[in-house]
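Visitor: Sharing a structure below in structure tokens format, with a few things to ask.
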Amino acid sequence: MAQIFCIANQKGGVGKTTTTVNLAAGLSKVGQRVLVVDLDPQGNATMGSGVDKRKLELTVYDVLLENASITEARTRAEKAGYDVVGANRELAGAEVELVDLERRDQRLKTALAAVANDYDFVLIDCPPSLSMLTLNGLCSAHGVVVPMQCEYFALEGLSDLVNTIKQVHANLNPELKVIGLLRVMFDPRITLQQQVSEQLKSHFGDKVFNTVIPRNVRLAEAPSYGLPGVVFDPSSKGAQAFVEFAKEMVERIGKL
Ligand code: ADP
Ligand code: MG
């Protein structure tokens with residue numbers, strides 16, 4: 001049975017998509033079977049996995065509206081080493097179209113149940129909002145991985161997300177928990193980042209992953225080649241950190 005995780009943080013540009021595709025590629029490298037679900041209409045996880053969002057016949061939009069199953073909508077991201085259910089701009093309409101439908105927050109969960117045995121991990125790349133799309137992600141998942149930059153306002157934004165997770169846990173998905181906080185784009189030379197990192201550890205203890213993802217330009221360059229950084233430049237510091245993170249994740253799941 002797959003472990004299903006949302007990669008979520010309601011802020012944009014914090015590293016959700018980079019974490020999704022590189023954790024997926026890292027997990028694939030250590031022998032795990034992985035599905036990435038792109039829940040962001042920007043389709044960055046789709047493109048960053050080497051799947052052209054403009055050429056997709058079926059996307060997660062069709063899955064949410066129950067026009068297609070995951071088995072029909074998934075494609076193989078050959079070079080990245082995992083499967084993808086892609087997204088494109090069409091998905092922006094789902095928000096409105098789902099409003100009047102039954103079980104509107106449970107659509108993805110139902111769809112994923114059919115492929116749970118095909119994978120060890122399902123990673124859901126969430127949009128930068130706490131919308132109906134994100135809610136579908138949170139209702140489907142066993143846990144949430146929160147990438148965050150160690151900046152001054154990081155902790156403030158975190159409390160909104162933690163409250164949402166608590167509400168979803170209480171009302172919609174009793175399985176949901178925070179798997180961990182991942183420090184990303186980290187620059188140890190910046191004192192403030194070290195301080196926030198220490199604060200995170202004292203607040204959240206072992207919910208903070210041991211692995212730290214450094215700021216690394218190869219991770220930022222990789223998407224324009226349609227590859228996760230882990231595949232684009234395996235020897236880069238960023239790629240190595242994500243492979244470490246994948247190993248830490250596999251270990252952590254063994255202990256859950
Ligand atoms: P989100 O999905 O949360 O909006 P992204 O993963 O798209 O965030 O990251 C935002 C930007 O930061 C992108 O241009 C990405 O390439 C860059 N980026 C993410 N992580 C790193 C990193 N560790 N080092 C350098 N650049 C990064
Ligand atoms: Mg993104």
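Labeling convention for the structure tokens: chains A, B, ... as they appear, residues from 1 per chain, ligands from 1 in order of appearance.
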For the contact check between chain A and ligand 2, emit one row per residue of chain A within 9 Å, containing the shortest atom pair and the distance in Å rounded to one decimal, counting only C-alpha atoms and all ligand atoms, chain then rising number order, as JSON lines.

Guide:
```
{"residue": "A:Gly12", "atom": "CA", "partner": "ligand 2", "partner_atom_place_in_ligand_line": "1 (Mg)", "distance": 6.9}
{"residue": "A:Gly13", "atom": "CA", "partner": "ligand 2", "partner_atom_place_in_ligand_line": "1 (Mg)", "distance": 6.7}
{"residue": "A:Val14", "atom": "CA", "partner": "ligand 2", "partner_atom_place_in_ligand_line": "1 (Mg)", "distance": 8.1}
{"residue": "A:Gly15", "atom": "CA", "partner": "ligand 2", "partner_atom_place_in_ligand_line": "1 (Mg)", "distance": 6.8}
{"residue": "A:Lys16", "atom": "CA", "partner": "ligand 2", "partner_atom_place_in_ligand_line": "1 (Mg)", "distance": 5.3}
{"residue": "A:Thr17", "atom": "CA", "partner": "ligand 2", "partner_atom_place_in_ligand_line": "1 (Mg)", "distance": 4.1}
{"residue": "A:Thr18", "atom": "CA", "partner": "ligand 2", "partner_atom_place_in_ligand_line": "1 (Mg)", "distance": 7.3}
{"residue": "A:Thr20", "atom": "CA", "partner": "ligand 2", "partner_atom_place_in_ligand_line": "1 (Mg)", "distance": 8.7}
{"residue": "A:Asp38", "atom": "CA", "partner": "ligand 2", "partner_atom_place_in_ligand_line": "1 (Mg)", "distance": 8.9}
{"residue": "A:Asp40", "atom": "CA", "partner": "ligand 2", "partner_atom_place_in_ligand_line": "1 (Mg)", "distance": 6.7}
{"residue": "A:Gln42", "atom": "CA", "partner": "ligand 2", "partner_atom_place_in_ligand_line": "1 (Mg)", "distance": 7.4}
{"residue": "A:Gly43", "atom": "CA", "partner": "ligand 2", "partner_atom_place_in_ligand_line": "1 (Mg)", "distance": 7.9}
{"residue": "A:Asn44", "atom": "CA", "partner": "ligand 2", "partner_atom_place_in_ligand_line": "1 (Mg)", "distance": 5.9}
{"residue": "A:Ala45", "atom": "CA", "partner": "ligand 2", "partner_atom_place_in_ligand_line": "1 (Mg)", "distance": 6.8}
{"residue": "A:Asp125", "atom": "CA", "partner": "ligand 2", "partner_atom_place_in_ligand_line": "1 (Mg)", "distance": 6.9}
{"residue": "A:Cys126", "atom": "CA", "partner": "ligand 2", "partner_atom_place_in_ligand_line": "1 (Mg)", "distance": 7.0}
{"residue": "A:Pro127", "atom": "CA", "partner": "ligand 2", "partner_atom_place_in_ligand_line": "1 (Mg)", "distance": 6.2}
{"residue": "A:Pro128", "atom": "CA", "partner": "ligand 2", "partner_atom_place_in_ligand_line": "1 (Mg)", "distance": 7.1}
```

Visitor: What does the file look like for those residues with N, CA, C and O atoms, as an mmCIF file, in the first residue's frame?

Guide:
```
data_model
loop_
_atom_site.group_PDB
_atom_site.id
_atom_site.type_symbol
_atom_site.label_atom_id
_atom_site.label_comp_id
_atom_site.auth_asym_id
_atom_site.auth_seq_id
_atom_site.Cartn_x
_atom_site.Cartn_y
_atom_site.Cartn_z
ATOM 1 N N GLY A 12 3.685 30.717 -1.989
ATOM 2 C CA GLY A 12 4.238 30.370 -3.299
ATOM 3 C C GLY A 12 5.752 30.524 -3.274
ATOM 4 O O GLY A 12 6.294 31.275 -2.456
ATOM 5 N N GLY A 13 6.417 29.786 -4.125
ATOM 6 C CA GLY A 13 7.857 29.968 -4.297
ATOM 7 C C GLY A 13 8.707 29.486 -3.136
ATOM 8 O O GLY A 13 9.854 29.891 -2.998
ATOM 9 N N VAL A 14 8.156 28.604 -2.300
ATOM 10 C CA VAL A 14 8.925 28.124 -1.143
ATOM 11 C C VAL A 14 9.650 26.806 -1.410
ATOM 12 O O VAL A 14 10.408 26.336 -0.552
ATOM 13 N N GLY A 15 9.385 26.209 -2.581
ATOM 14 C CA GLY A 15 10.107 24.974 -2.900
ATOM 15 C C GLY A 15 9.253 23.714 -2.888
ATOM 16 O O GLY A 15 9.790 22.601 -2.857
ATOM 17 N N LYS A 16 7.937 23.860 -2.971
ATOM 18 C CA LYS A 16 7.059 22.676 -2.980
ATOM 19 C C LYS A 16 7.330 21.789 -4.195
ATOM 20 O O LYS A 16 7.533 20.581 -4.075
ATOM 21 N N THR A 17 7.321 22.428 -5.370
ATOM 22 C CA THR A 17 7.458 21.635 -6.598
ATOM 23 C C THR A 17 8.854 21.027 -6.698
ATOM 24 O O THR A 17 9.011 19.857 -7.084
ATOM 25 N N THR A 18 9.857 21.806 -6.335
ATOM 26 C CA THR A 18 11.234 21.296 -6.339
ATOM 27 C C THR A 18 11.344 20.092 -5.404
ATOM 28 O O THR A 18 11.991 19.093 -5.736
ATOM 29 N N THR A 20 8.825 18.104 -4.480
ATOM 30 C CA THR A 20 8.025 16.987 -5.012
ATOM 31 C C THR A 20 8.817 16.192 -6.053
ATOM 32 O O THR A 20 8.960 14.968 -5.929
ATOM 33 N N ASP A 38 0.152 16.132 -9.834
ATOM 34 C CA ASP A 38 0.298 17.590 -9.909
ATOM 35 C C ASP A 38 -1.067 18.228 -9.656
ATOM 36 O O ASP A 38 -1.974 18.105 -10.474
ATOM 37 N N ASP A 40 -1.426 21.530 -9.071
ATOM 38 C CA ASP A 40 -1.289 22.971 -9.285
ATOM 39 C C ASP A 40 -1.535 23.290 -10.769
ATOM 40 O O ASP A 40 -0.843 22.734 -11.633
ATOM 41 N N GLN A 42 -0.584 25.498 -12.521
ATOM 42 C CA GLN A 42 0.627 25.959 -13.210
ATOM 43 C C GLN A 42 1.360 24.809 -13.893
ATOM 44 O O GLN A 42 2.170 25.026 -14.798
ATOM 45 N N GLY A 43 1.127 23.584 -13.428
ATOM 46 C CA GLY A 43 1.715 22.408 -14.071
ATOM 47 C C GLY A 43 3.230 22.330 -13.990
ATOM 48 O O GLY A 43 3.868 21.681 -14.823
ATOM 49 N N ASN A 44 3.821 22.956 -12.987
ATOM 50 C CA ASN A 44 5.293 22.958 -12.897
ATOM 51 C C ASN A 44 5.867 21.576 -12.571
ATOM 52 O O ASN A 44 6.936 21.218 -13.089
ATOM 53 N N ALA A 45 5.186 20.814 -11.756
ATOM 54 C CA ALA A 45 5.682 19.470 -11.428
ATOM 55 C C ALA A 45 5.609 18.577 -12.665
ATOM 56 O O ALA A 45 6.463 17.711 -12.886
ATOM 57 N N ASP A 125 1.753 17.343 -5.343
ATOM 58 C CA ASP A 125 2.269 18.719 -5.351
ATOM 59 C C ASP A 125 1.090 19.683 -5.274
ATOM 60 O O ASP A 125 0.289 19.765 -6.197
ATOM 61 N N CYS A 126 0.969 20.395 -4.156
ATOM 62 C CA CYS A 126 -0.197 21.255 -3.926
ATOM 63 C C CYS A 126 0.031 22.677 -4.430
ATOM 64 O O CYS A 126 1.162 23.160 -4.478
ATOM 65 N N PRO A 127 -1.079 23.356 -4.787
ATOM 66 C CA PRO A 127 -0.958 24.766 -5.195
ATOM 67 C C PRO A 127 -0.712 25.649 -3.974
ATOM 68 O O PRO A 127 -0.919 25.206 -2.841
ATOM 69 N N PRO A 128 -0.282 26.893 -4.194
ATOM 70 C CA PRO A 128 0.014 27.794 -3.078
ATOM 71 C C PRO A 128 -1.236 28.445 -2.499
ATOM 72 O O PRO A 128 -1.381 29.657 -2.510
#
```

Visitor: Give me the residues near Val63 of chain A as a list in words, where near means some atom within 10 Å (using only C-alpha atoms) and where sequence neighbours in that chain fewer than 6 positions away do not count.

Guide: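 Everything that qualifies: Ser69, Ile70, Thr71, Glu72, Ala73, Arg74, Val85, Arg107, Leu108, Thr110, Ala111 and Leu112 of chain A.
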
Visitor: Take atom CA of Asn136 of chain A and atom 6 (O, counted along the ligand's line) of ligand 1 and report the distance between them in Å, one decimal.

Guide: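 Computed distance, atom CA of Asn136 of chain A to atom 6 (O, counted along the ligand's line) of ligand 1, equals 20.2 Å.
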
Visitor: Would you please extract all strand (DSSP E or B) residues from segment 63-147 of chain A, as assigned by DSSP on the backbone, and give them as JSON, numbers by chain?

Guide: {"A": [74, 75, 76, 77, 82, 83, 84, 85, 121, 122, 123, 124, 125, 143, 144, 145, 146, 147]}

Visitor: Give the answer as one residue: which of A:Ala113, A:Arg252, A:Met185, A:Ile190 has the shortest atom-to-atom distance to Ala220 of chain A, using only C-alpha atoms?

Guide: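 Looking only at the distances to Ala220 of chain A, the closest residue turns out to be A:Met185.
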
Visitor: With distances taken over only C-alpha atoms and all ligand atoms, which residue among A:Glu57, A:Glu248, A:Asp52, A:Asp187 lies nearest ligand 1?

Guide: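 Among the listed residues, A:Asp187 lies closest to ligand 1.
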